[in-house]
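J.: Please find final_27.txt (compact mmCIF, C-alpha atoms) on the next line:
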# COMPACT_ATOMS: atom_id res chain seq x y z
CA MET A 1 -5.74 -14.67 4.20
CA THR A 2 -2.28 -13.77 2.98
CA ALA A 3 -0.74 -14.59 -0.38
CA TRP A 4 2.78 -15.82 0.33
CA MET A 5 5.48 -16.80 -2.08
CA VAL A 6 5.54 -20.57 -2.48
CA ARG A 7 8.55 -22.84 -1.92
CA THR A 8 7.91 -26.29 -3.26
CA GLY A 9 9.09 -29.84 -3.50
CA HIS A 10 8.60 -31.99 -6.54
CA GLY A 11 8.38 -35.51 -7.89
CA PRO A 12 8.49 -37.33 -11.23
CA ALA A 13 7.77 -35.06 -14.16
CA HIS A 14 5.04 -35.41 -16.74
CA PRO A 15 6.62 -36.03 -20.15
CA ASN A 16 5.78 -32.46 -21.07
CA SER A 17 6.87 -30.86 -17.82
CA GLY A 18 10.34 -29.65 -16.81
CA ARG A 19 11.59 -30.07 -13.24
CA ARG A 20 14.69 -29.15 -11.33
CA GLY A 21 16.16 -31.68 -8.95
CA THR A 22 15.98 -31.19 -5.23
CA ALA A 23 19.61 -30.12 -5.17
CA GLY A 24 18.66 -27.12 -7.30
CA ARG A 25 15.78 -25.85 -5.15
CA GLU A 26 15.95 -22.20 -4.32
CA ASP A 27 16.79 -21.11 -0.81
CA ASP A 28 13.68 -18.99 -0.57
CA THR A 29 14.15 -17.89 3.02
CA THR A 30 12.21 -14.73 2.40
CA SER A 31 9.02 -16.67 1.58
CA ARG A 32 9.53 -19.38 4.21
CA ASP A 33 10.11 -16.84 6.98
CA ARG A 34 7.44 -14.54 5.56
CA GLY A 35 9.83 -11.61 5.62
CA VAL A 36 9.94 -11.39 9.43
CA SER A 37 13.52 -12.57 9.88
CA ARG A 38 14.83 -9.26 8.58
CA VAL A 39 13.08 -7.22 11.29
CA PRO A 40 14.94 -7.13 14.60
CA GLY A 41 13.55 -7.54 18.08
CA LEU A 42 10.15 -6.09 18.90
CA LEU A 43 9.55 -4.96 15.31
CA ALA A 44 9.59 -8.59 14.16
CA GLY A 45 6.71 -9.53 16.45
CA THR A 46 4.84 -6.36 15.54
CA ALA A 47 5.25 -7.05 11.81
CA ALA A 48 4.01 -10.61 12.21
CA LEU A 49 0.95 -9.55 14.20
CA LEU A 50 0.06 -6.83 11.72
CA THR A 51 0.42 -9.28 8.85
CA LEU A 52 -1.88 -11.82 10.46
CA ALA A 53 -4.40 -9.17 11.54
CA CYS A 54 -4.59 -7.29 8.24
CA GLY A 55 -4.17 -10.11 5.73
CA VAL A 56 -1.56 -8.23 3.73
CA GLY A 57 -0.38 -9.90 0.52
CA VAL A 58 3.14 -9.07 -0.61
CA ALA A 59 4.65 -9.85 -4.00
CA HIS A 60 8.24 -9.15 -5.02
CA GLY A 61 9.51 -9.00 -8.57
CA ALA A 62 13.03 -9.66 -9.75
CA ASP A 63 14.27 -6.64 -7.86
CA GLY A 64 12.58 -7.72 -4.61
CA GLY A 65 14.44 -10.99 -4.16
CA ALA A 66 11.47 -13.18 -3.21
CA SER A 67 10.26 -14.22 -6.66
CA ASP A 68 12.26 -15.66 -9.53
CA ALA A 69 11.24 -15.46 -13.17
CA PRO A 70 11.11 -18.95 -14.66
CA GLY A 71 13.92 -18.34 -17.11
CA GLY A 72 16.14 -21.29 -16.20
CA HIS A 73 16.48 -24.39 -18.34
CA GLY A 74 13.93 -27.14 -17.76
CA ALA A 75 13.95 -30.71 -18.99
CA HIS A 76 12.95 -29.53 -22.46
CA GLY A 77 15.59 -26.81 -22.68
CA ALA A 78 14.88 -23.09 -22.94
CA HIS A 79 14.20 -20.60 -25.68
CA GLY A 80 17.48 -18.89 -24.93
CA ALA A 81 18.61 -16.51 -22.21
CA HIS A 82 15.53 -14.70 -20.96
CA GLY A 83 15.95 -11.34 -19.33
CA ALA A 84 14.64 -10.65 -15.83
CA PRO A 85 11.44 -8.65 -15.50
CA ALA A 86 11.98 -4.96 -15.87
CA ALA A 87 11.86 -2.70 -12.85
CA GLY A 88 8.55 -1.08 -12.10
CA SER A 89 6.40 -4.17 -12.61
CA ALA A 90 2.79 -3.89 -11.55
CA GLN A 91 2.13 -5.63 -8.28
CA GLY A 92 -0.48 -5.82 -5.56
CA PRO A 93 -3.82 -7.51 -4.95
CA GLY A 94 -5.54 -8.91 -8.01
CA GLY A 95 -8.59 -10.93 -8.94
CA GLY A 96 -11.28 -8.31 -8.46
CA GLY A 97 -10.79 -7.70 -4.74
CA ASP A 98 -9.46 -11.06 -3.59
CA PRO A 99 -7.16 -10.16 -0.67
CA SER A 100 -5.54 -13.61 -0.68
CA ARG A 101 -3.66 -13.19 -3.95
CA THR A 102 -1.03 -11.03 -5.60
CA ASP A 103 -0.37 -10.55 -9.29
CA GLU A 104 2.64 -9.21 -11.15
CA VAL A 105 3.14 -8.49 -14.83
CA ALA A 106 6.37 -7.05 -16.24
CA ALA A 107 7.96 -6.46 -19.62
CA ALA A 108 11.22 -8.26 -20.32
CA GLY A 109 12.78 -7.15 -23.58
CA THR A 110 10.68 -8.54 -26.44
CA GLY A 111 8.71 -10.73 -24.03
CA SER A 112 7.01 -10.50 -20.68
CA TRP A 113 6.67 -12.21 -17.33
CA MET A 114 3.57 -12.80 -15.20
CA ARG A 115 3.18 -14.19 -11.70
CA ALA A 116 -0.02 -14.87 -9.77
CA ALA A 117 -0.15 -16.29 -6.24
CA GLY A 118 -3.10 -17.19 -4.05
CA VAL A 119 -4.41 -19.17 -1.09
CA PHE A 120 -7.12 -21.80 -1.54
CA SER A 121 -10.47 -21.58 0.21
CA PRO A 122 -13.83 -23.23 -0.46
CA PRO A 123 -16.45 -21.40 -2.58
CA GLY A 124 -18.58 -19.09 -0.48
CA SER A 125 -15.95 -18.54 2.20
CA PHE A 126 -16.16 -15.39 4.33
CA VAL A 127 -12.97 -14.09 2.69
CA PRO A 128 -13.36 -14.32 -1.12
CA SER A 129 -10.62 -16.03 -3.09
CA ASP A 130 -9.74 -16.64 -6.72
CA ALA A 131 -8.13 -19.92 -5.60
CA LEU A 132 -11.03 -22.30 -4.93
CA THR A 133 -10.86 -25.80 -3.50
CA TYR A 134 -13.75 -28.12 -4.31
CA ASP A 135 -12.29 -31.08 -2.41
CA THR A 136 -10.55 -30.10 0.81
CA ARG A 137 -9.32 -33.66 1.32
CA LEU A 138 -7.08 -33.24 -1.73
CA VAL A 139 -6.49 -29.47 -1.67
CA PRO A 140 -6.91 -28.25 1.93
CA ALA A 141 -8.10 -24.72 2.68
CA GLY A 142 -4.98 -22.64 3.22
CA ALA A 143 -2.91 -24.51 0.61
CA ARG A 144 -0.97 -22.11 -1.61
CA ILE A 145 -0.33 -21.81 -5.31
CA GLU A 146 1.91 -19.70 -7.52
CA VAL A 147 1.68 -19.70 -11.32
CA THR A 148 4.17 -17.96 -13.60
CA GLN A 149 4.23 -17.33 -17.34
CA LEU A 150 7.27 -16.26 -19.33
CA ALA A 151 6.48 -15.44 -22.94
CA ASP A 152 8.50 -14.19 -25.89
CA PRO A 153 8.10 -14.45 -29.68
CA SER A 154 9.52 -17.99 -29.65
CA GLY A 155 7.12 -19.51 -27.16
CA THR A 156 5.67 -19.74 -23.67
CA ARG A 157 6.88 -21.27 -20.42
CA VAL A 158 4.30 -21.90 -17.69
CA GLY A 159 5.39 -22.90 -14.21
CA ALA A 160 3.46 -23.81 -11.08
CA ARG A 161 4.44 -24.19 -7.43
CA LEU A 162 2.14 -25.54 -4.75
CA ARG A 163 2.38 -25.93 -1.01
CA GLY A 164 0.23 -27.60 1.63
CA LEU A 165 -1.31 -30.42 -0.40
CA VAL A 166 -1.51 -34.12 0.49
CA PRO A 167 2.04 -35.49 0.89
CA ASP A 168 3.45 -37.96 -1.64
CA ARG A 169 0.46 -37.85 -3.97
CA ALA A 170 0.10 -37.50 -7.74
CA TYR A 171 -2.05 -34.65 -9.09
CA GLY A 172 -3.03 -33.59 -12.58
CA MET A 173 -3.18 -29.93 -13.57
CA HIS A 174 -4.06 -28.17 -16.83
CA VAL A 175 -4.63 -24.65 -18.12
CA HIS A 176 -8.36 -24.04 -18.75
CA THR A 177 -10.27 -21.53 -20.84
CA SER A 178 -12.42 -19.63 -18.29
CA PRO A 179 -12.10 -18.14 -14.79
CA CYS A 180 -12.94 -20.25 -11.75
CA GLY A 181 -16.40 -20.28 -10.23
CA ALA A 182 -18.33 -21.92 -7.42
CA ASP A 183 -19.24 -24.67 -9.89
CA PRO A 184 -16.10 -26.63 -10.86
CA ALA A 185 -17.37 -26.69 -14.47
CA ALA A 186 -17.17 -22.89 -14.68
CA ALA A 187 -13.51 -23.00 -15.77
CA GLY A 188 -14.51 -24.61 -19.05
CA PRO A 189 -12.43 -27.13 -21.02
CA HIS A 190 -8.66 -27.41 -21.42
CA TYR A 191 -7.05 -24.59 -23.33
CA GLN A 192 -5.99 -25.92 -26.75
CA HIS A 193 -3.58 -24.28 -29.16
CA ARG A 194 -5.57 -25.76 -32.04
CA PRO A 195 -9.13 -27.02 -31.50
CA ALA A 196 -9.09 -30.80 -31.28
CA ALA A 197 -11.37 -33.59 -30.14
CA THR A 198 -8.78 -35.23 -27.90
CA ALA A 199 -6.59 -34.02 -25.03
CA ASP A 200 -2.81 -34.20 -25.34
CA PRO A 201 0.17 -32.42 -23.73
CA VAL A 202 1.51 -31.06 -27.03
CA ASN A 203 -1.63 -29.09 -27.94
CA GLU A 204 -2.47 -28.21 -24.32
CA VAL A 205 -0.64 -27.07 -21.19
CA TRP A 206 -0.29 -30.01 -18.79
CA LEU A 207 1.31 -29.39 -15.41
CA ASP A 208 0.99 -32.79 -13.74
CA PHE A 209 3.09 -33.14 -10.58
CA ARG A 210 3.68 -35.25 -7.49
CA THR A 211 4.02 -33.77 -4.02
CA ASP A 212 6.93 -34.47 -1.71
CA GLU A 213 6.76 -35.60 1.92
CA GLU A 214 5.71 -32.07 2.96
CA GLY A 215 2.89 -31.80 0.43
CA ASP A 216 4.78 -29.38 -1.84
CA GLY A 217 4.95 -29.78 -5.60
CA ARG A 218 6.02 -28.05 -8.78
CA ALA A 219 5.66 -28.44 -12.53
CA GLU A 220 6.65 -26.66 -15.70
CA ALA A 221 5.56 -26.84 -19.35
CA LEU A 222 7.27 -25.32 -22.38
CA HIS A 223 5.60 -24.72 -25.75
CA GLY A 224 6.59 -23.06 -29.01
CA TRP A 225 3.26 -21.26 -29.21
CA GLY A 226 1.53 -18.55 -27.18
CA PHE A 227 -1.90 -18.08 -25.67
CA ARG A 228 -4.67 -16.29 -27.54
CA GLU A 229 -5.98 -13.08 -26.02
CA ASP A 230 -8.37 -14.03 -23.17
CA GLY A 231 -8.20 -17.65 -24.29
CA ALA A 232 -6.55 -19.07 -21.15
CA ARG A 233 -7.93 -17.94 -17.78
CA SER A 234 -7.25 -20.53 -15.07
CA VAL A 235 -5.54 -23.70 -13.93
CA ILE A 236 -7.48 -26.71 -12.64
CA ILE A 237 -5.97 -29.24 -10.23
CA HIS A 238 -7.34 -32.73 -10.90
CA ASP A 239 -7.48 -35.75 -8.64
CA ARG A 240 -5.32 -37.79 -11.02
CA GLN A 241 -2.77 -37.29 -13.76
CA GLY A 242 -3.43 -37.50 -17.48
CA GLY A 243 -5.99 -35.85 -19.71
CA ALA A 244 -8.99 -36.07 -17.37
CA GLY A 245 -9.99 -36.43 -13.73
CA GLU A 246 -12.25 -34.87 -11.11
CA ARG A 247 -11.73 -31.16 -10.52
CA ALA A 248 -10.30 -30.76 -7.03
CA ALA A 249 -9.38 -27.05 -7.15
CA CYS A 250 -9.12 -24.03 -9.47
CA PHE A 251 -7.07 -20.83 -9.59
CA THR A 252 -7.93 -17.89 -11.85
CA VAL A 253 -4.76 -16.70 -13.64
CA PRO A 254 -4.27 -13.69 -15.96
CA PHE A 255 -2.57 -15.59 -18.77
CA GLY A 256 -1.94 -13.56 -21.89
CA PRO A 257 -0.25 -13.55 -25.29
CA HIS A 258 2.49 -11.37 -23.78
CA GLY A 259 5.44 -11.07 -26.08
CA GLN A 260 3.89 -13.10 -28.89
CA ASP A 261 3.87 -12.02 -32.54
Mind converting the file's structure to structure tokens?

T.:
Amino acid sequence: MTAWMVRTGHGPAHPNSGRRGTAGREDDTTSRDRGVSRVPGLLAGTAALLTLACGVGVAHGADGGASDAPGGHGAHGAHGAHGAPAAGSAQGPGGGGDPSRTDEVAAAGTGSWMRAAGVFSPPGSFVPSDALTYDTRLVPAGARIEVTQLADPSGTRVGARLRGLVPDRAYGMHVHTSPCGADPAAAGPHYQHRPAATADPVNEVWLDFRTDEEGDGRAEALHGWGFREDGARSVIIHDRQGGAGERAACFTVPFGPHGQD
């Protein structure tokens, strides 16, 4: 499997999620064409065949042109002008040998930027994946996800882009405390800034979204607090929006307190 950059559609936002309108969607031709359009003639076909045969995952930082740091203004505003990730960001396969994903972490002034991308497959698949689908009717094998985190001393912005889900459908998604496992319960409960008995989008990271007619979706959440070290380790996609729901899929993400005081 190959971890591609994700270009998404979007629908109505959760009250705690920022969205950009369809007119503002990026022209991510590099990710849509999988980088082949820049290779002329015979080399284009050769590059495509090698990619499919070898399962190569490619991630580009701010200097590569395929990925954008989530520093723009969402529905809740921004913490100010965030710098782009510094050159020399770490990139390549992540997740303990999962060839279907790529991770990137980069310093950006007093803060930092993280991106993780993967391709969903069922637990126990021949090719291991840190993006697991427990219900292929809702999250088909081969669907793609990208999660970004931009953190600085004033807060944290988490964004998600998805591709290949059920068209025109509402999904819930939250940050959870533990990595994904074959058992959907392995990801633990919602991450909470302060321990509480109830779930709410102010104390937790909710990324509810609705897919467009192509099955693509996106969401963003902005908080004035940061994650605890090793406290947030995954995102769970739920079968419905709100504070609960069946766990349809999970993606292990290296969230961190990057840039936090």

J.: From the options A:Leu132, A:Ala197, A:Val253, A:Ala232, which residue's atoms come nearest to A:Thr177, counting all atoms listed in the file?

T.: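 Of all the options, A:Ala232 lies closest to A:Thr177.
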
J.: Between atom CA of A:Ala248 and atom CA of A:Asp103, what distance in Å does the model show, to one decimal?

T.: 22.6 Å

J.: With distances taken over only C-alpha atoms, which of A:His238, A:Thr110, A:Gly188, A:Gly243 is nearest to A:Val202?

T.: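 Smallest separation from A:Val202 among the options: A:Gly243.
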
J.: Could you tell me how far atom CA of A:Trp225 sits from atom CA of A:Cys250, in Å to one decimal place?

T.: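 We find that atom CA of A:Cys250 and atom CA of A:Trp225 lie 23.5 Å from each other.
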
J.: Identify, on the basis of only C-alpha atoms, every residue whose closest approach to stretch 143-154 of chain A does not exceed 6 Å; exclude the query and any residue fewer than 5 positions from it along the same chain; express the result as a ChimeraX atom specification.

T.: /A:111-120,159-164,224,258-261

J.: My list of candidates is A:Pro195, A:Pro257, A:Gly155, A:Gly245. Which is closest to A:His223 when distances are computed with all atoms listed in the file?

T.: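 Checking each candidate against A:His223, we get A:Gly155 as the closest.
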
J.: Could you pull the residues within 6 Å of A:Phe251, counting all atoms listed in the file, minus those fewer than 2 positions along the same chain, as a list in words?

T.: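 Counting only the stated atoms, we get Asp130, Ala131, Ser234 and Val235 of chain A.
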
J.: In Å, with one decimal, what is the gap from atom CA of A:Val166 to atom CA of A:Arg218?

T.: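 Interatomic distance, atom CA of A:Val166 to atom CA of A:Arg218: 13.4 Å.
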